[in-house]
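Chemist: Take this structure, written in structure tokens, and hold onto it; I'll ask about it next.
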Amino acid sequence: MKDILGQAIHDHHHKLANHKLWINNQYGPKEEMPIDVYFRDEDDMPDIEWLAMNECRGKVLDIGAGAGSHALVLQARGFDCVALDISPLACEVMKERGVAKVVKGDIFVYDEQKYDTLLLLMNGIGLTGTLENLKVFLQHIKLLLNPGGQILFDSSDIAYLYEDDLPEKGYYGELLYQYQYNRQKTDWFHWLYVDEKTLEPIVNEMGFDMEVLLEDEFKQYLVRLTLK
């Protein structure tokens, strides 16, 4: 798939263009994704992200690290943090911004090291795409956890998008998206938003305990998973 998100991050970092990044969906009008959200300082991050970074411990893998904002905060706090992203352009930007350890890779096949904390923020768990693929993901990342390790991620219940008229087929949090930037479009791809009640039996089935660390008024929440 075209590295459109990486291109947008790259152009913003180098001040090369002033194009907007759009997200097309199949439930309503396209939405603008402000590119500067990937370049926030610690003071501009929401409470969920603050708490997640405060809960990190040991060696950290920041999965889907984007422009590296969370990795830079953790690095400044003294953590041994590896920033992983599938986008070559995003990885280039992270290195230029000062992220010390950057790995270009796909989390579904990555198995180079073990970590004490696996971190997925900005609904990073969405990269699993579907509930079934979430199980595949959880099975794989067991290989990346040190004894006593944890997974921290946020997600949200998006039932509000449907105004109480949920789709009859499939899970309502399994969405199709498409990035659009500078007259270029990606292929359509799956992205997952999973509510707490749906998530808990899945993580239990896959051998994890789940602890909700924070839930806000917008039905966004942060969880910690640890192996049983």
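Numbering starts fresh at 1 for the residues of each chain in the structure tokens, the chains themselves are lettered A, B, ... in the order given, and ligands are numbered from 1 as they appear.
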Would you kindly return, as a list of chain:residue names, each protein, DNA or RNA residue with an atom no farther than 10 Å from any atom of Thr117 of chain A, considering only C-alpha atoms and excluding same-chain residues fewer than 6 positions away?
Modeler: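 Residues near the query, excluding close chain neighbours: A:Glu55, A:Cys56, A:Arg57, A:Gly58, A:Lys59, A:Val60, A:Leu61, A:Asp62, A:Cys81, A:Leu144, A:Leu145, A:Asn146, A:Gly148, A:Gly149, A:Gln150, A:Ile151, A:Leu152, A:Arg224, A:Leu225, A:Thr226.
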Chemist: Emit the selected residues as a PDB file, in the first residue's frame, including N, CA and C atoms.
Modeler:
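File produced: again01.pdb:
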ATOM      1  N   GLU A  55       2.657   4.867  33.007  1.00  0.00           N
ATOM      2  CA  GLU A  55       2.568   3.463  33.402  1.00  0.00           C
ATOM      3  C   GLU A  55       3.620   2.587  32.730  1.00  0.00           C
ATOM      4  N   CYS A  56       4.383   3.149  31.802  1.00  0.00           N
ATOM      5  CA  CYS A  56       5.427   2.366  31.141  1.00  0.00           C
ATOM      6  C   CYS A  56       6.495   1.950  32.149  1.00  0.00           C
ATOM      7  N   ARG A  57       7.078   0.815  31.900  1.00  0.00           N
ATOM      8  CA  ARG A  57       8.179   0.351  32.742  1.00  0.00           C
ATOM      9  C   ARG A  57       9.142  -0.487  31.901  1.00  0.00           C
ATOM     10  N   GLY A  58      10.401  -0.463  32.316  1.00  0.00           N
ATOM     11  CA  GLY A  58      11.406  -1.291  31.663  1.00  0.00           C
ATOM     12  C   GLY A  58      11.676  -0.888  30.225  1.00  0.00           C
ATOM     13  N   LYS A  59      11.992  -1.874  29.402  1.00  0.00           N
ATOM     14  CA  LYS A  59      12.271  -1.666  27.980  1.00  0.00           C
ATOM     15  C   LYS A  59      10.941  -1.567  27.236  1.00  0.00           C
ATOM     16  N   VAL A  60      10.783  -0.522  26.439  1.00  0.00           N
ATOM     17  CA  VAL A  60       9.496  -0.212  25.817  1.00  0.00           C
ATOM     18  C   VAL A  60       9.583  -0.345  24.294  1.00  0.00           C
ATOM     19  N   LEU A  61       8.553  -0.942  23.696  1.00  0.00           N
ATOM     20  CA  LEU A  61       8.378  -0.944  22.250  1.00  0.00           C
ATOM     21  C   LEU A  61       7.156  -0.094  21.932  1.00  0.00           C
ATOM     22  N   ASP A  62       7.379   1.028  21.243  1.00  0.00           N
ATOM     23  CA  ASP A  62       6.297   1.919  20.813  1.00  0.00           C
ATOM     24  C   ASP A  62       5.867   1.459  19.419  1.00  0.00           C
ATOM     25  N   CYS A  81      13.730   2.876  24.778  1.00  0.00           N
ATOM     26  CA  CYS A  81      12.516   2.795  23.968  1.00  0.00           C
ATOM     27  C   CYS A  81      12.872   2.570  22.510  1.00  0.00           C
ATOM     28  N   LEU A 144       6.890 -11.298  22.387  1.00  0.00           N
ATOM     29  CA  LEU A 144       7.673 -10.081  22.584  1.00  0.00           C
ATOM     30  C   LEU A 144       7.721  -9.631  24.039  1.00  0.00           C
ATOM     31  N   LEU A 145       7.011 -10.319  24.914  1.00  0.00           N
ATOM     32  CA  LEU A 145       6.907  -9.884  26.310  1.00  0.00           C
ATOM     33  C   LEU A 145       7.911 -10.598  27.206  1.00  0.00           C
ATOM     34  N   ASN A 146       8.643  -9.817  27.961  1.00  0.00           N
ATOM     35  CA  ASN A 146       9.442 -10.384  29.041  1.00  0.00           C
ATOM     36  C   ASN A 146       8.508 -10.894  30.135  1.00  0.00           C
ATOM     37  N   GLY A 148       6.417 -10.933  33.270  1.00  0.00           N
ATOM     38  CA  GLY A 148       5.868  -9.798  33.993  1.00  0.00           C
ATOM     39  C   GLY A 148       5.584  -8.586  33.119  1.00  0.00           C
ATOM     40  N   GLY A 149       5.738  -8.746  31.804  1.00  0.00           N
ATOM     41  CA  GLY A 149       5.551  -7.625  30.886  1.00  0.00           C
ATOM     42  C   GLY A 149       4.091  -7.235  30.731  1.00  0.00           C
ATOM     43  N   GLN A 150       3.870  -6.086  30.080  1.00  0.00           N
ATOM     44  CA  GLN A 150       2.520  -5.546  29.934  1.00  0.00           C
ATOM     45  C   GLN A 150       2.326  -4.958  28.540  1.00  0.00           C
ATOM     46  N   ILE A 151       1.053  -4.888  28.149  1.00  0.00           N
ATOM     47  CA  ILE A 151       0.648  -4.209  26.924  1.00  0.00           C
ATOM     48  C   ILE A 151      -0.272  -3.076  27.333  1.00  0.00           C
ATOM     49  N   LEU A 152       0.004  -1.868  26.851  1.00  0.00           N
ATOM     50  CA  LEU A 152      -0.830  -0.707  27.135  1.00  0.00           C
ATOM     51  C   LEU A 152      -1.392  -0.181  25.822  1.00  0.00           C
ATOM     52  N   ARG A 224      -4.543  -2.078  30.416  1.00  0.00           N
ATOM     53  CA  ARG A 224      -3.297  -2.800  30.588  1.00  0.00           C
ATOM     54  C   ARG A 224      -3.614  -4.299  30.490  1.00  0.00           C
ATOM     55  N   LEU A 225      -2.860  -4.991  29.623  1.00  0.00           N
ATOM     56  CA  LEU A 225      -2.981  -6.446  29.540  1.00  0.00           C
ATOM     57  C   LEU A 225      -1.711  -7.078  30.103  1.00  0.00           C
ATOM     58  N   THR A 226      -1.887  -8.111  30.893  1.00  0.00           N
ATOM     59  CA  THR A 226      -0.751  -8.900  31.395  1.00  0.00           C
ATOM     60  C   THR A 226      -1.097 -10.372  31.230  1.00  0.00           C
TER      61      THR A 226
END
Chemist: Compile the contact shell of segment 26-32 of chain A as number ranges by chain: residues with an atom at most 12 Å away, counting only C-alpha atoms, same-chain residues fewer than 3 positions apart removed.
Modeler: A: 19-23, 35-37, 158-163, 166-167, 172-181, 188-191
Chemist: Nearest to Ser156 of chain A among A:Lys228, A:Lys219, A:Lys197, A:Lys142, with distances taken over only C-alpha atoms: which residue is it?
Modeler: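 Of all the options, A:Lys219 lies closest to Ser156 of chain A.
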Chemist: Within segment 46-83 of chain A, find each residue whose DSSP state, derived from the backbone, is helix (DSSP H, G or I), and express the selection as an MDAnalysis selection string.
Modeler: chainID A and resid 47:55 69:76
Chemist: If you keep N, CA, C and O atoms, can you produce a file of those selected residues as a compact mmCIF listing (two decimals), in the first residue's frame?
Modeler:
# COMPACT_ATOMS: atom_id res chain seq x y z
N ASP A 47 -5.04 13.12 28.50
CA ASP A 47 -4.79 12.40 29.76
C ASP A 47 -4.51 10.92 29.53
O ASP A 47 -3.68 10.32 30.23
N ILE A 48 -5.21 10.31 28.58
CA ILE A 48 -5.01 8.88 28.33
C ILE A 48 -3.57 8.60 27.93
O ILE A 48 -2.95 7.63 28.39
N GLU A 49 -3.00 9.45 27.09
CA GLU A 49 -1.62 9.23 26.64
C GLU A 49 -0.63 9.54 27.76
O GLU A 49 0.38 8.85 27.91
N TRP A 50 -0.92 10.58 28.53
CA TRP A 50 -0.09 10.88 29.70
C TRP A 50 -0.02 9.68 30.64
O TRP A 50 1.05 9.28 31.09
N LEU A 51 -1.20 9.14 30.96
CA LEU A 51 -1.25 8.02 31.90
C LEU A 51 -0.52 6.81 31.34
O LEU A 51 0.22 6.13 32.06
N ALA A 52 -0.72 6.54 30.06
CA ALA A 52 -0.06 5.39 29.45
C ALA A 52 1.46 5.51 29.57
O ALA A 52 2.15 4.55 29.92
N MET A 53 1.97 6.69 29.29
CA MET A 53 3.43 6.87 29.39
C MET A 53 3.91 6.80 30.84
O MET A 53 5.00 6.29 31.11
N ASN A 54 3.09 7.28 31.76
CA ASN A 54 3.44 7.17 33.18
C ASN A 54 3.45 5.73 33.66
O ASN A 54 4.14 5.40 34.62
N GLU A 55 2.66 4.87 33.01
CA GLU A 55 2.57 3.46 33.40
C GLU A 55 3.62 2.59 32.73
O GLU A 55 3.72 1.40 33.03
N SER A 69 6.55 11.00 18.57
CA SER A 69 6.33 11.92 19.69
C SER A 69 6.34 11.21 21.04
O SER A 69 6.93 11.70 22.01
N HIS A 70 5.68 10.06 21.14
CA HIS A 70 5.65 9.34 22.42
C HIS A 70 7.03 8.76 22.73
O HIS A 70 7.48 8.78 23.88
N ALA A 71 7.70 8.25 21.71
CA ALA A 71 9.05 7.70 21.91
C ALA A 71 10.00 8.78 22.41
O ALA A 71 10.84 8.52 23.28
N LEU A 72 9.87 10.00 21.90
CA LEU A 72 10.75 11.09 22.33
C LEU A 72 10.50 11.43 23.80
O LEU A 72 11.46 11.71 24.54
N VAL A 73 9.24 11.42 24.23
CA VAL A 73 8.93 11.69 25.63
C VAL A 73 9.54 10.62 26.52
O VAL A 73 10.19 10.90 27.53
N LEU A 74 9.34 9.37 26.15
CA LEU A 74 9.86 8.26 26.95
C LEU A 74 11.39 8.27 26.98
O LEU A 74 12.01 8.02 28.02
N GLN A 75 11.97 8.57 25.85
CA GLN A 75 13.44 8.64 25.76
C GLN A 75 13.97 9.73 26.69
O GLN A 75 14.96 9.53 27.40
N ALA A 76 13.27 10.88 26.70
CA ALA A 76 13.69 11.99 27.57
C ALA A 76 13.56 11.63 29.04
O ALA A 76 14.29 12.16 29.88
Chemist: Using only C-alpha atoms, determine which residues lie at most 12 Å from Gly64 of chain A, disregarding the query and same-chain residues fewer than 4 positions distant; provide the list as a PyMOL selection string.
Modeler: chain A and resi 5-6+38+68-71+82-88+90-91+94+102-108+118-128+153
Chemist: Need the shell around Val93 of chain A: protein/DNA/RNA residues with any atom at most 9 Å away, counting only C-alpha atoms. Skip same-chain ones fewer than 6 positions apart. Format as a PDB file with N, CA and C atoms, in the first residue's frame?
Modeler:
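That gives us result-v9.pdb:
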ATOM      1  N   GLY A   6       2.931   8.281   5.806  1.00  0.00           N
ATOM      2  CA  GLY A   6       4.346   8.606   5.944  1.00  0.00           C
ATOM      3  C   GLY A   6       4.730   9.825   5.119  1.00  0.00           C
ATOM      4  N   ILE A   9       3.482  12.931   6.936  1.00  0.00           N
ATOM      5  CA  ILE A   9       4.351  13.210   8.088  1.00  0.00           C
ATOM      6  C   ILE A   9       5.685  13.786   7.614  1.00  0.00           C
ATOM      7  N   HIS A  10       6.234  13.205   6.575  1.00  0.00           N
ATOM      8  CA  HIS A  10       7.513  13.661   6.010  1.00  0.00           C
ATOM      9  C   HIS A  10       7.404  15.096   5.495  1.00  0.00           C
ATOM     10  N   HIS A  13       7.047  17.592   8.378  1.00  0.00           N
ATOM     11  CA  HIS A  13       8.316  17.762   9.103  1.00  0.00           C
ATOM     12  C   HIS A  13       9.275  18.671   8.344  1.00  0.00           C
ATOM     13  N   HIS A  14       9.309  18.509   7.014  1.00  0.00           N
ATOM     14  CA  HIS A  14      10.246  19.271   6.192  1.00  0.00           C
ATOM     15  C   HIS A  14       9.633  20.551   5.626  1.00  0.00           C
ATOM     16  N   GLY A  66       4.654   6.361  14.397  1.00  0.00           N
ATOM     17  CA  GLY A  66       4.355   7.572  13.632  1.00  0.00           C
ATOM     18  C   GLY A  66       5.557   8.491  13.509  1.00  0.00           C
ATOM     19  N   ALA A  67       5.399   9.715  13.991  1.00  0.00           N
ATOM     20  CA  ALA A  67       6.500  10.685  13.939  1.00  0.00           C
ATOM     21  C   ALA A  67       7.371  10.617  15.195  1.00  0.00           C
ATOM     22  N   GLY A  68       7.054   9.720  16.120  1.00  0.00           N
ATOM     23  CA  GLY A  68       7.927   9.468  17.265  1.00  0.00           C
ATOM     24  C   GLY A  68       7.698  10.330  18.486  1.00  0.00           C
ATOM     25  N   VAL A  99      14.844  10.382  17.621  1.00  0.00           N
ATOM     26  CA  VAL A  99      14.536   9.086  18.232  1.00  0.00           C
ATOM     27  C   VAL A  99      15.754   8.181  18.046  1.00  0.00           C
TER      28      VAL A  99
END
Chemist: If you run DSSP over the backbone, which residues in segment 151-199 of chain A end up strand (DSSP E or B)? Put them as a short mmCIF file (atom, residue, chain, number, x, y, z; two decimals) with N, CA and C atoms, in the first residue's frame.
Modeler:
data_model
loop_
_atom_site.label_atom_id
_atom_site.label_comp_id
_atom_site.auth_asym_id
_atom_site.auth_seq_id
_atom_site.Cartn_x
_atom_site.Cartn_y
_atom_site.Cartn_z
N ILE A 151 1.05 -4.89 28.15
CA ILE A 151 0.65 -4.21 26.92
C ILE A 151 -0.27 -3.08 27.33
N LEU A 152 0.00 -1.87 26.85
CA LEU A 152 -0.83 -0.71 27.13
C LEU A 152 -1.39 -0.18 25.82
N PHE A 153 -2.70 -0.05 25.74
CA PHE A 153 -3.30 0.55 24.55
C PHE A 153 -4.63 1.19 24.87
N ASP A 154 -5.02 2.10 23.99
CA ASP A 154 -6.32 2.76 24.14
C ASP A 154 -7.20 2.40 22.95
N SER A 155 -8.50 2.44 23.20
CA SER A 155 -9.47 2.27 22.13
C SER A 155 -10.73 3.00 22.56
N SER A 156 -11.83 2.82 21.84
CA SER A 156 -13.07 3.51 22.20
C SER A 156 -14.27 2.77 21.64
N GLU A 174 -15.53 -2.60 13.43
CA GLU A 174 -14.64 -2.98 12.33
C GLU A 174 -14.94 -2.07 11.15
N LEU A 175 -14.07 -1.09 10.92
CA LEU A 175 -14.32 -0.07 9.92
C LEU A 175 -13.37 -0.22 8.73
N LEU A 176 -13.77 0.38 7.63
CA LEU A 176 -12.90 0.49 6.46
C LEU A 176 -12.53 1.95 6.28
N TYR A 177 -11.24 2.20 6.13
CA TYR A 177 -10.73 3.55 5.95
C TYR A 177 -9.84 3.62 4.71
N GLN A 178 -9.61 4.85 4.30
CA GLN A 178 -8.70 5.11 3.18
C GLN A 178 -8.06 6.48 3.40
N TYR A 179 -6.73 6.55 3.36
CA TYR A 179 -6.05 7.83 3.44
C TYR A 179 -6.04 8.51 2.07
N GLN A 180 -6.17 9.83 2.09
CA GLN A 180 -6.10 10.63 0.86
C GLN A 180 -5.23 11.85 1.14
N TYR A 181 -4.23 12.05 0.28
CA TYR A 181 -3.28 13.16 0.49
C TYR A 181 -2.68 13.55 -0.85
N GLN A 184 -3.47 11.62 -3.93
CA GLN A 184 -3.13 10.21 -3.86
C GLN A 184 -4.02 9.52 -2.82
N LYS A 185 -4.36 8.26 -3.07
CA LYS A 185 -5.18 7.50 -2.13
C LYS A 185 -4.53 6.15 -1.87
N PHE A 189 -8.48 -0.01 3.88
CA PHE A 189 -7.90 -0.91 4.87
C PHE A 189 -8.81 -1.00 6.10
N HIS A 190 -8.72 -2.11 6.80
CA HIS A 190 -9.53 -2.32 8.01
C HIS A 190 -8.89 -1.62 9.20
N TRP A 191 -9.73 -1.07 10.06
CA TRP A 191 -9.28 -0.44 11.30
C TRP A 191 -10.28 -0.78 12.39
N LEU A 192 -9.80 -1.09 13.58
CA LEU A 192 -10.67 -1.60 14.64
C LEU A 192 -10.80 -0.62 15.80
#
